[in-house]
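J.: Got a structure for you, work.cif, holding mmCIF, C-alpha atoms.
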data_run
loop_
_atom_site.label_atom_id
_atom_site.label_comp_id
_atom_site.auth_asym_id
_atom_site.auth_seq_id
_atom_site.Cartn_x
_atom_site.Cartn_y
_atom_site.Cartn_z
CA MET A 91 13.28 -103.07 24.02
CA SER A 92 9.60 -102.31 24.19
CA LYS A 93 8.08 -102.51 27.63
CA THR A 94 4.61 -103.16 26.23
CA ASP A 95 5.66 -106.41 24.57
CA GLU A 96 4.05 -109.14 26.68
CA LYS A 97 7.02 -111.41 26.05
CA SER A 98 9.55 -108.96 27.47
CA LEU A 99 12.00 -110.43 29.91
CA LYS A 100 11.27 -109.34 33.46
CA LYS A 101 13.89 -111.08 35.54
CA VAL A 102 17.17 -112.90 35.06
CA CYS A 103 18.77 -115.16 37.64
CA ILE A 104 22.41 -115.67 36.79
CA ILE A 105 24.62 -118.38 38.26
CA CYS A 106 28.39 -118.03 38.18
CA ALA A 107 30.38 -121.11 39.22
CA LYS A 108 33.80 -120.21 37.83
CA GLY A 109 36.38 -117.71 38.93
CA THR A 110 38.27 -116.77 35.79
CA ILE A 111 38.19 -113.20 34.48
CA GLU A 112 36.08 -114.17 31.48
CA ASP A 113 33.53 -116.22 33.40
CA VAL A 114 33.08 -113.60 36.08
CA TYR A 115 32.89 -110.71 33.64
CA ALA A 116 30.40 -112.54 31.44
CA THR A 117 28.21 -112.76 34.54
CA LEU A 118 28.75 -109.14 35.53
CA VAL A 119 28.17 -107.75 32.04
CA MET A 120 24.95 -109.72 31.70
CA ALA A 121 23.70 -108.71 35.13
CA ASN A 122 24.54 -105.05 34.61
CA GLY A 123 23.07 -105.14 31.13
CA ALA A 124 19.85 -106.47 32.61
CA VAL A 125 19.40 -103.79 35.26
CA MET A 126 20.22 -101.12 32.69
CA GLU A 127 17.30 -102.41 30.62
CA GLY A 128 14.98 -102.32 33.60
CA ILE A 129 15.16 -106.10 34.01
CA GLU A 130 15.46 -107.44 37.54
CA ALA A 131 18.76 -109.31 38.12
CA LYS A 132 19.78 -111.76 40.83
CA VAL A 133 23.23 -113.27 40.75
CA PHE A 134 24.28 -116.42 42.60
CA PHE A 135 28.00 -117.03 43.01
CA THR A 136 29.02 -120.58 43.79
CA PHE A 137 32.15 -122.77 43.78
CA PHE A 138 35.10 -120.91 42.28
CA GLY A 139 32.77 -118.11 41.25
CA LEU A 140 32.87 -117.10 44.93
CA ASP A 141 36.27 -115.51 44.22
CA ALA A 142 34.39 -112.72 42.44
CA ILE A 143 32.73 -111.66 45.70
CA THR A 144 35.52 -112.57 48.14
CA LYS A 145 37.20 -109.34 49.25
CA SER A 146 40.74 -110.73 49.15
CA GLN A 147 40.36 -112.20 45.65
CA MET A 148 37.82 -110.20 43.70
CA ASN A 149 40.21 -107.77 42.05
CA LYS A 150 42.92 -110.37 41.44
CA LEU A 151 41.13 -112.70 39.05
CA HIS A 152 43.11 -114.45 36.32
CA THR A 153 42.47 -115.92 32.93
CA GLY A 154 43.58 -119.53 32.61
CA THR A 155 46.28 -119.87 29.96
CA VAL A 156 46.21 -123.66 29.73
CA GLY A 157 43.66 -125.67 27.77
CA ASN A 158 41.95 -122.79 26.04
CA PRO A 159 42.05 -123.37 22.28
CA ALA A 160 40.43 -120.00 21.61
CA MET A 161 43.38 -118.16 23.15
CA ARG A 162 45.59 -116.37 20.62
CA MET A 163 48.74 -114.34 20.68
CA PRO A 164 48.35 -110.62 20.02
CA GLY A 165 48.19 -110.62 16.22
CA GLY A 166 46.18 -113.80 15.99
CA LEU A 167 48.75 -116.61 16.02
CA PRO A 168 47.81 -119.68 18.07
CA PHE A 169 48.83 -119.62 21.71
CA PRO A 170 50.56 -122.94 22.49
CA THR A 171 49.31 -124.48 25.73
CA ILE A 172 52.88 -125.26 26.77
CA LEU A 173 53.60 -121.52 26.79
CA GLY A 174 50.72 -120.99 29.16
CA MET A 175 52.43 -123.25 31.66
CA LEU A 176 55.46 -121.00 32.04
CA PRO A 177 55.68 -118.95 35.24
CA GLY A 178 54.35 -115.43 34.83
CA VAL A 179 52.49 -116.04 31.57
CA GLU A 180 49.11 -116.34 33.25
CA LEU A 181 49.80 -113.11 35.12
CA GLY A 182 50.80 -111.32 31.94
CA VAL A 183 47.81 -112.56 29.97
CA SER A 184 45.48 -111.60 32.83
CA ALA A 185 46.97 -108.11 33.01
CA MET A 186 46.45 -107.76 29.28
CA MET A 187 42.82 -108.87 29.52
CA LYS A 188 42.22 -106.31 32.24
CA SER A 189 43.85 -103.49 30.29
CA GLN A 190 41.82 -104.33 27.19
CA MET A 191 38.65 -104.21 29.26
CA ALA A 192 39.65 -100.95 30.95
CA GLN A 193 39.94 -99.39 27.49
CA LEU A 194 36.29 -100.23 26.93
CA ASP A 195 35.39 -98.60 30.24
CA ILE A 196 34.72 -101.95 31.91
CA PRO A 197 35.37 -101.44 35.62
CA PRO A 198 37.19 -103.62 38.16
CA VAL A 199 35.06 -106.34 39.77
CA ASP A 200 34.19 -104.44 42.97
CA GLU A 201 33.10 -101.33 41.09
CA PHE A 202 31.14 -103.43 38.60
CA LEU A 203 29.26 -105.12 41.45
CA GLU A 204 28.50 -101.68 42.89
CA MET A 205 27.08 -100.61 39.53
CA ILE A 206 24.82 -103.66 39.49
CA THR A 207 23.54 -103.16 43.03
CA ALA A 208 23.09 -99.42 42.35
CA GLY A 209 20.61 -100.49 39.69
CA GLY A 210 18.76 -102.76 42.11
CA GLY A 211 20.55 -105.99 41.18
CA GLU A 212 21.08 -108.47 44.02
CA ILE A 213 24.18 -110.51 44.75
CA TYR A 214 24.08 -113.84 46.59
CA ALA A 215 26.64 -116.37 47.75
CA CYS A 216 26.16 -120.14 47.82
CA LYS A 217 26.10 -121.58 51.32
CA LEU A 218 27.39 -124.99 50.36
CA ALA A 219 30.39 -123.60 48.49
CA MET A 220 31.08 -121.17 51.35
CA ASP A 221 31.19 -124.10 53.78
CA MET A 222 33.38 -126.05 51.42
CA PHE A 223 35.90 -123.22 51.01
CA LYS A 224 35.67 -122.32 54.74
CA LEU A 225 34.50 -118.81 53.92
CA LYS A 226 32.54 -116.60 56.30
CA LYS A 227 30.09 -113.81 55.52
CA GLU A 228 32.72 -111.26 56.62
CA ASP A 229 35.12 -112.55 53.96
CA LEU A 230 32.65 -111.44 51.32
CA TRP A 231 32.21 -108.12 49.61
CA GLU A 232 29.93 -105.84 51.69
CA GLY A 233 27.28 -105.60 48.99
CA VAL A 234 26.41 -109.32 49.08
CA SER A 235 22.74 -109.50 50.07
CA ASP A 236 22.78 -112.93 51.62
CA VAL A 237 24.28 -116.40 51.80
CA LEU A 238 21.69 -118.80 50.42
CA THR A 239 21.05 -122.48 49.91
CA VAL A 240 20.22 -123.42 46.36
CA GLY A 241 16.60 -123.85 47.40
CA ASP A 242 16.49 -120.31 48.77
CA PHE A 243 17.93 -119.01 45.53
CA TYR A 244 15.38 -120.88 43.42
CA GLY A 245 12.77 -119.37 45.70
CA LYS A 246 13.82 -115.97 44.36
CA CYS A 247 13.71 -117.07 40.73
CA GLY A 248 9.96 -117.36 40.30
CA GLY A 249 7.56 -115.24 38.33
CA GLU A 250 6.59 -115.03 34.68
CA ASN A 251 9.18 -114.12 32.06
CA THR A 252 12.06 -115.08 34.33
CA GLN A 253 15.13 -116.85 33.01
CA ILE A 254 17.89 -118.68 34.78
CA ILE A 255 21.26 -118.30 33.11
CA PHE A 256 24.31 -120.38 33.93
CA THR A 257 27.42 -118.62 32.68
CA MET B 920 12.33 -94.14 9.98
CA ALA B 921 9.31 -92.23 11.19
CA GLU B 922 8.20 -88.73 11.99
CA LYS B 923 6.95 -87.54 15.32
CA VAL B 924 5.63 -84.28 16.59
CA PHE B 925 7.10 -82.98 19.84
CA ALA B 926 6.39 -79.52 21.20
CA GLY B 927 4.66 -78.60 17.96
CA LYS B 928 7.58 -79.49 15.71
CA THR B 929 8.03 -82.48 13.43
CA VAL B 930 11.21 -84.49 13.98
CA GLN B 931 12.67 -87.64 12.44
CA VAL B 932 13.02 -90.64 14.73
CA ASN B 933 13.99 -94.27 14.14
CA ASP B 934 11.81 -97.32 14.80
CA GLU B 935 12.61 -97.20 18.50
CA GLY B 936 11.86 -93.50 18.81
CA TYR B 937 15.43 -92.20 18.98
CA PHE B 938 16.19 -88.95 17.14
CA THR B 939 18.06 -89.47 13.90
CA ASP B 940 19.21 -85.85 13.88
CA PRO B 941 20.21 -84.58 17.34
CA SER B 942 20.21 -80.98 16.06
CA GLN B 943 16.40 -81.09 15.82
CA TRP B 944 16.18 -81.53 19.58
CA THR B 945 14.96 -78.84 21.99
CA LYS B 946 14.45 -78.83 25.76
CA GLU B 947 10.70 -78.49 25.29
CA MET B 948 10.69 -81.72 23.29
CA ALA B 949 12.52 -83.52 26.08
CA VAL B 950 9.91 -82.38 28.59
CA GLU B 951 7.15 -83.72 26.38
CA MET B 952 8.95 -87.02 25.66
CA ALA B 953 9.62 -87.55 29.37
CA LYS B 954 5.90 -87.66 30.09
CA GLU B 955 5.73 -90.99 28.27
CA TYR B 956 8.01 -92.36 31.01
CA SER B 957 6.19 -90.45 33.76
CA ILE B 958 9.34 -88.47 34.41
CA GLU B 959 9.10 -84.82 35.36
CA LEU B 960 12.38 -83.32 34.19
CA THR B 961 14.32 -81.36 36.79
CA GLU B 962 17.48 -79.29 36.57
CA THR B 963 19.51 -82.43 37.39
CA HIS B 964 17.85 -84.35 34.54
CA PHE B 965 18.86 -81.57 32.18
CA GLN B 966 22.42 -81.58 33.46
CA ILE B 967 22.62 -85.28 32.55
CA ILE B 968 20.95 -84.65 29.20
CA GLU B 969 23.35 -81.81 28.42
CA PHE B 970 26.31 -84.00 29.39
CA LEU B 971 25.09 -86.81 27.12
CA ARG B 972 24.62 -84.43 24.20
CA GLN B 973 28.03 -82.88 24.67
CA ARG B 974 29.78 -86.24 24.85
CA HIS B 975 27.83 -87.55 21.89
CA MET B 976 28.72 -84.50 19.79
CA ALA B 977 32.35 -85.05 20.80
CA GLY B 978 32.09 -88.50 19.26
CA GLU B 979 32.43 -90.41 22.53
CA ALA B 980 30.80 -93.78 23.13
CA LEU B 981 28.81 -93.39 26.32
CA THR B 982 28.73 -95.89 29.14
CA ILE B 983 26.79 -95.68 32.37
CA ARG B 984 30.08 -95.58 34.23
CA ARG B 985 31.21 -92.49 32.35
CA VAL B 986 27.94 -90.72 33.05
CA GLY B 987 28.15 -91.75 36.71
CA ASN B 988 31.63 -90.25 36.89
CA ALA B 989 30.57 -86.97 35.29
CA GLY B 990 30.19 -85.35 38.70
CA ILE B 991 26.43 -84.79 38.40
CA VAL B 992 24.93 -87.79 40.19
CA ASP B 993 26.27 -91.27 40.94
CA ILE B 994 24.98 -94.39 39.22
CA LYS B 995 22.32 -94.97 41.85
CA GLY B 996 21.14 -91.44 41.24
CA LEU B 997 20.95 -92.12 37.52
CA TYR B 998 18.63 -95.06 38.11
CA GLN B 999 16.42 -92.80 40.25
CA LEU B 1000 16.34 -90.06 37.62
CA PHE B 1001 15.62 -92.39 34.70
CA PRO B 1002 13.96 -95.50 36.17
CA GLY B 1003 14.24 -98.61 34.04
CA GLY B 1004 16.79 -97.17 31.64
CA PRO B 1005 19.47 -94.91 33.09
CA LEU B 1006 21.38 -94.68 29.82
CA LYS B 1007 18.73 -95.65 27.30
CA ILE B 1008 15.91 -93.39 28.40
CA SER B 1009 18.25 -90.48 29.12
CA SER B 1010 19.77 -90.83 25.63
CA LYS B 1011 16.35 -90.88 24.06
CA LEU B 1012 15.27 -87.76 25.93
CA ALA B 1013 18.58 -86.13 24.96
CA GLY B 1014 17.79 -86.61 21.30
CA ILE B 1015 20.88 -88.72 20.64
CA PRO B 1016 21.09 -92.28 19.24
CA LYS B 1017 20.52 -95.33 21.41
CA PRO B 1018 23.74 -96.17 23.27
CA SER B 1019 25.61 -98.95 21.50
CA SER B 1020 27.73 -100.01 24.47
CA CYS B 1021 26.97 -103.12 26.53
CA VAL B 1022 28.18 -101.42 29.68
#
Go ahead and render the structure in this file as structure tokens.

T.:
Amino acid sequence: MSKTDEKSLKKVCIICAKGTIEDVYATLVMANGAVMEGIEAKVFFTFFGLDAITKSQMNKLHTGTVGNPAMRMPGGLPFPTILGMLPGVELGVSAMMKSQMAQLDIPPVDEFLEMITAGGGEIYACKLAMDMFKLKKEDLWEGVSDVLTVGDFYGKCGGENTQIIFT
Amino acid sequence: MAEKVFAGKTVQVNDEGYFTDPSQWTKEMAVEMAKEYSIELTETHFQIIEFLRQRHMAGEALTIRRVGNAGIVDIKGLYQLFPGGPLKISSKLAGIPKPSSCV
């Protein structure tokens, strides 16, 4: 990407409100991809997305196996929703997702967040969702910059060539 | 495809300025190319560049994580060495293609 192009993206503000592996990783890949391109990145975790920055949960994320029509068996056959309801299936599918990602050198959540902050990316938690889930700042990953209201977060999303992305 | 002159030699580069033939690369060219990014190449820069070239020649897809784990500098260090493009700018200066990985 050319830095002289006046339309170049300068900042992305990414909001993650869900806590499944795929939602969280979509957020992390986009945030990391931004800082690697020299684009400023600020990430706001809210609602179930807070799991991604909660110490006790961040490396135990799952993929939902129910109600996802895009889910397939290895080999491409459809994955019946009723199968996803069986005990242990969600765990197995999640383990498989993680191993597939590890093969592509995609790190665990905590290490991925460290990569983003190493590049200057900033990680924020939503105050309202924290209150709702009875979470305290000390429950969060150490690299979280701050707990913000939505207004505070918007306050950080100004400037030309800035985009807000909701994953 | 275009031609550029670095350190007195003509080399082939693509539209984005990446070498199309890594064997044309020399250290002197890297020093000259780095000026465009206002980077003064140090021994550590060259260690990274050498690592990238070696891994590329070995046919490996490079990720920032792999470079950060190479034992030269950590990822934060990479951002300091190559501001605004820890993998992209370093690959360009190393005379290898633009990294195709999203991580």

J.: Taking the file as I've supplied it (selection: the PyMOL selection byres ((chain B and resi 974) around 12)), which residues are included? Please answer as a PyMOL selection string.

T.: chain B and resi 967-973+975-982+985-986+989+1010+1013+1015-1016+1018

J.: Would you kindly report the residues of chain A within 9 Å of chain B, using all atoms listed in the file, as JSON, numbers by chain?

T.: {"A": [91, 92, 119, 120, 122, 123, 125, 126, 127, 128, 129, 194, 195, 196, 197, 204, 205, 207, 208, 209, 210]}

J.: CA of Lys217 in chain A and CA of Thr136 in chain A are how many Å apart?

T.: 8.1 Å

J.: Taking all atoms listed in the file into account, name the residue in A:Pro198, A:Leu225, A:Gly154, A:Pro164 that is nearest to Gly178 in chain A.

T.: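 Closest candidate: A:Gly154.
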
J.: Would you work out the distance separating CA of Gly1014 in chain B from CA of Ala124 in chain A, expressed in Å to one decimal?

T.: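 Between these atoms lies a distance of 22.9 Å.
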
J.: Give me, as a short mmCIF file (atom, residue, chain, number, x, y, z; two decimals) with C-alpha atoms, in the frame of the given file, all polymer residues having an atom no more than 12 Å from Glu955 in chain B, counting only C-alpha atoms and skipping those fewer than 2 positions away in the same chain.

T.:
data_model
loop_
_atom_site.label_atom_id
_atom_site.label_comp_id
_atom_site.auth_asym_id
_atom_site.auth_seq_id
_atom_site.Cartn_x
_atom_site.Cartn_y
_atom_site.Cartn_z
CA LYS A 93 8.08 -102.51 27.63
CA PHE B 925 7.10 -82.98 19.84
CA GLY B 936 11.86 -93.50 18.81
CA MET B 948 10.69 -81.72 23.29
CA ALA B 949 12.52 -83.52 26.08
CA VAL B 950 9.91 -82.38 28.59
CA GLU B 951 7.15 -83.72 26.38
CA MET B 952 8.95 -87.02 25.66
CA ALA B 953 9.62 -87.55 29.37
CA SER B 957 6.19 -90.45 33.76
CA ILE B 958 9.34 -88.47 34.41
CA GLU B 959 9.10 -84.82 35.36
CA LEU B 960 12.38 -83.32 34.19
CA PHE B 1001 15.62 -92.39 34.70
CA ILE B 1008 15.91 -93.39 28.40
CA LYS B 1011 16.35 -90.88 24.06
CA LEU B 1012 15.27 -87.76 25.93
#

J.: Which residue is closest to Ala107 in chain A? Choose from A:Val199, A:Val237, A:Cys216, A:Ala160 and count all atoms listed in the file.

T.: A:Cys216

J.: With distances taken over all atoms listed in the file, which residue among B:Thr963, B:Ser1019, B:Thr929, B:Asn988 lies nearest Leu1000 in chain B?

T.: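 Between B:Thr963, B:Ser1019, B:Thr929, B:Asn988, the residue approaching Leu1000 in chain B most closely is B:Thr963.
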
J.: Applying the PyMOL selection byres ((chain A and resi 238) around 12) to the file I just gave you, which residues come out? Please list them as a PDB file with C-alpha atoms, keeping the file's coordinate frame.

T.:
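Saved the output as result_35.pdb:
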ATOM      1  CA  VAL A 133      23.230-113.270  40.750  1.00  0.00           C
ATOM      2  CA  PHE A 134      24.280-116.420  42.600  1.00  0.00           C
ATOM      3  CA  PHE A 135      28.000-117.030  43.010  1.00  0.00           C
ATOM      4  CA  THR A 136      29.020-120.580  43.790  1.00  0.00           C
ATOM      5  CA  ILE A 213      24.180-110.510  44.750  1.00  0.00           C
ATOM      6  CA  TYR A 214      24.080-113.840  46.590  1.00  0.00           C
ATOM      7  CA  ALA A 215      26.640-116.370  47.750  1.00  0.00           C
ATOM      8  CA  CYS A 216      26.160-120.140  47.820  1.00  0.00           C
ATOM      9  CA  LYS A 217      26.100-121.580  51.320  1.00  0.00           C
ATOM     10  CA  LEU A 218      27.390-124.990  50.360  1.00  0.00           C
ATOM     11  CA  ALA A 219      30.390-123.600  48.490  1.00  0.00           C
ATOM     12  CA  MET A 220      31.080-121.170  51.350  1.00  0.00           C
ATOM     13  CA  ASP A 221      31.190-124.100  53.780  1.00  0.00           C
ATOM     14  CA  LYS A 227      30.090-113.810  55.520  1.00  0.00           C
ATOM     15  CA  VAL A 234      26.410-109.320  49.080  1.00  0.00           C
ATOM     16  CA  SER A 235      22.740-109.500  50.070  1.00  0.00           C
ATOM     17  CA  ASP A 236      22.780-112.930  51.620  1.00  0.00           C
ATOM     18  CA  VAL A 237      24.280-116.400  51.800  1.00  0.00           C
ATOM     19  CA  THR A 239      21.050-122.480  49.910  1.00  0.00           C
ATOM     20  CA  VAL A 240      20.220-123.420  46.360  1.00  0.00           C
ATOM     21  CA  GLY A 241      16.600-123.850  47.400  1.00  0.00           C
ATOM     22  CA  ASP A 242      16.490-120.310  48.770  1.00  0.00           C
ATOM     23  CA  PHE A 243      17.930-119.010  45.530  1.00  0.00           C
ATOM     24  CA  TYR A 244      15.380-120.880  43.420  1.00  0.00           C
ATOM     25  CA  GLY A 245      12.770-119.370  45.700  1.00  0.00           C
ATOM     26  CA  LYS A 246      13.820-115.970  44.360  1.00  0.00           C
TER      27      LYS A 246
END

J.: Would you mind telling me which residue in B:Ala921, B:Gly990, B:Phe965, B:Tyr956 lies nearest to Phe938 in chain B when using all atoms listed in the file?

T.: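 The shortest atom-to-atom distance to Phe938 in chain B comes from B:Ala921.
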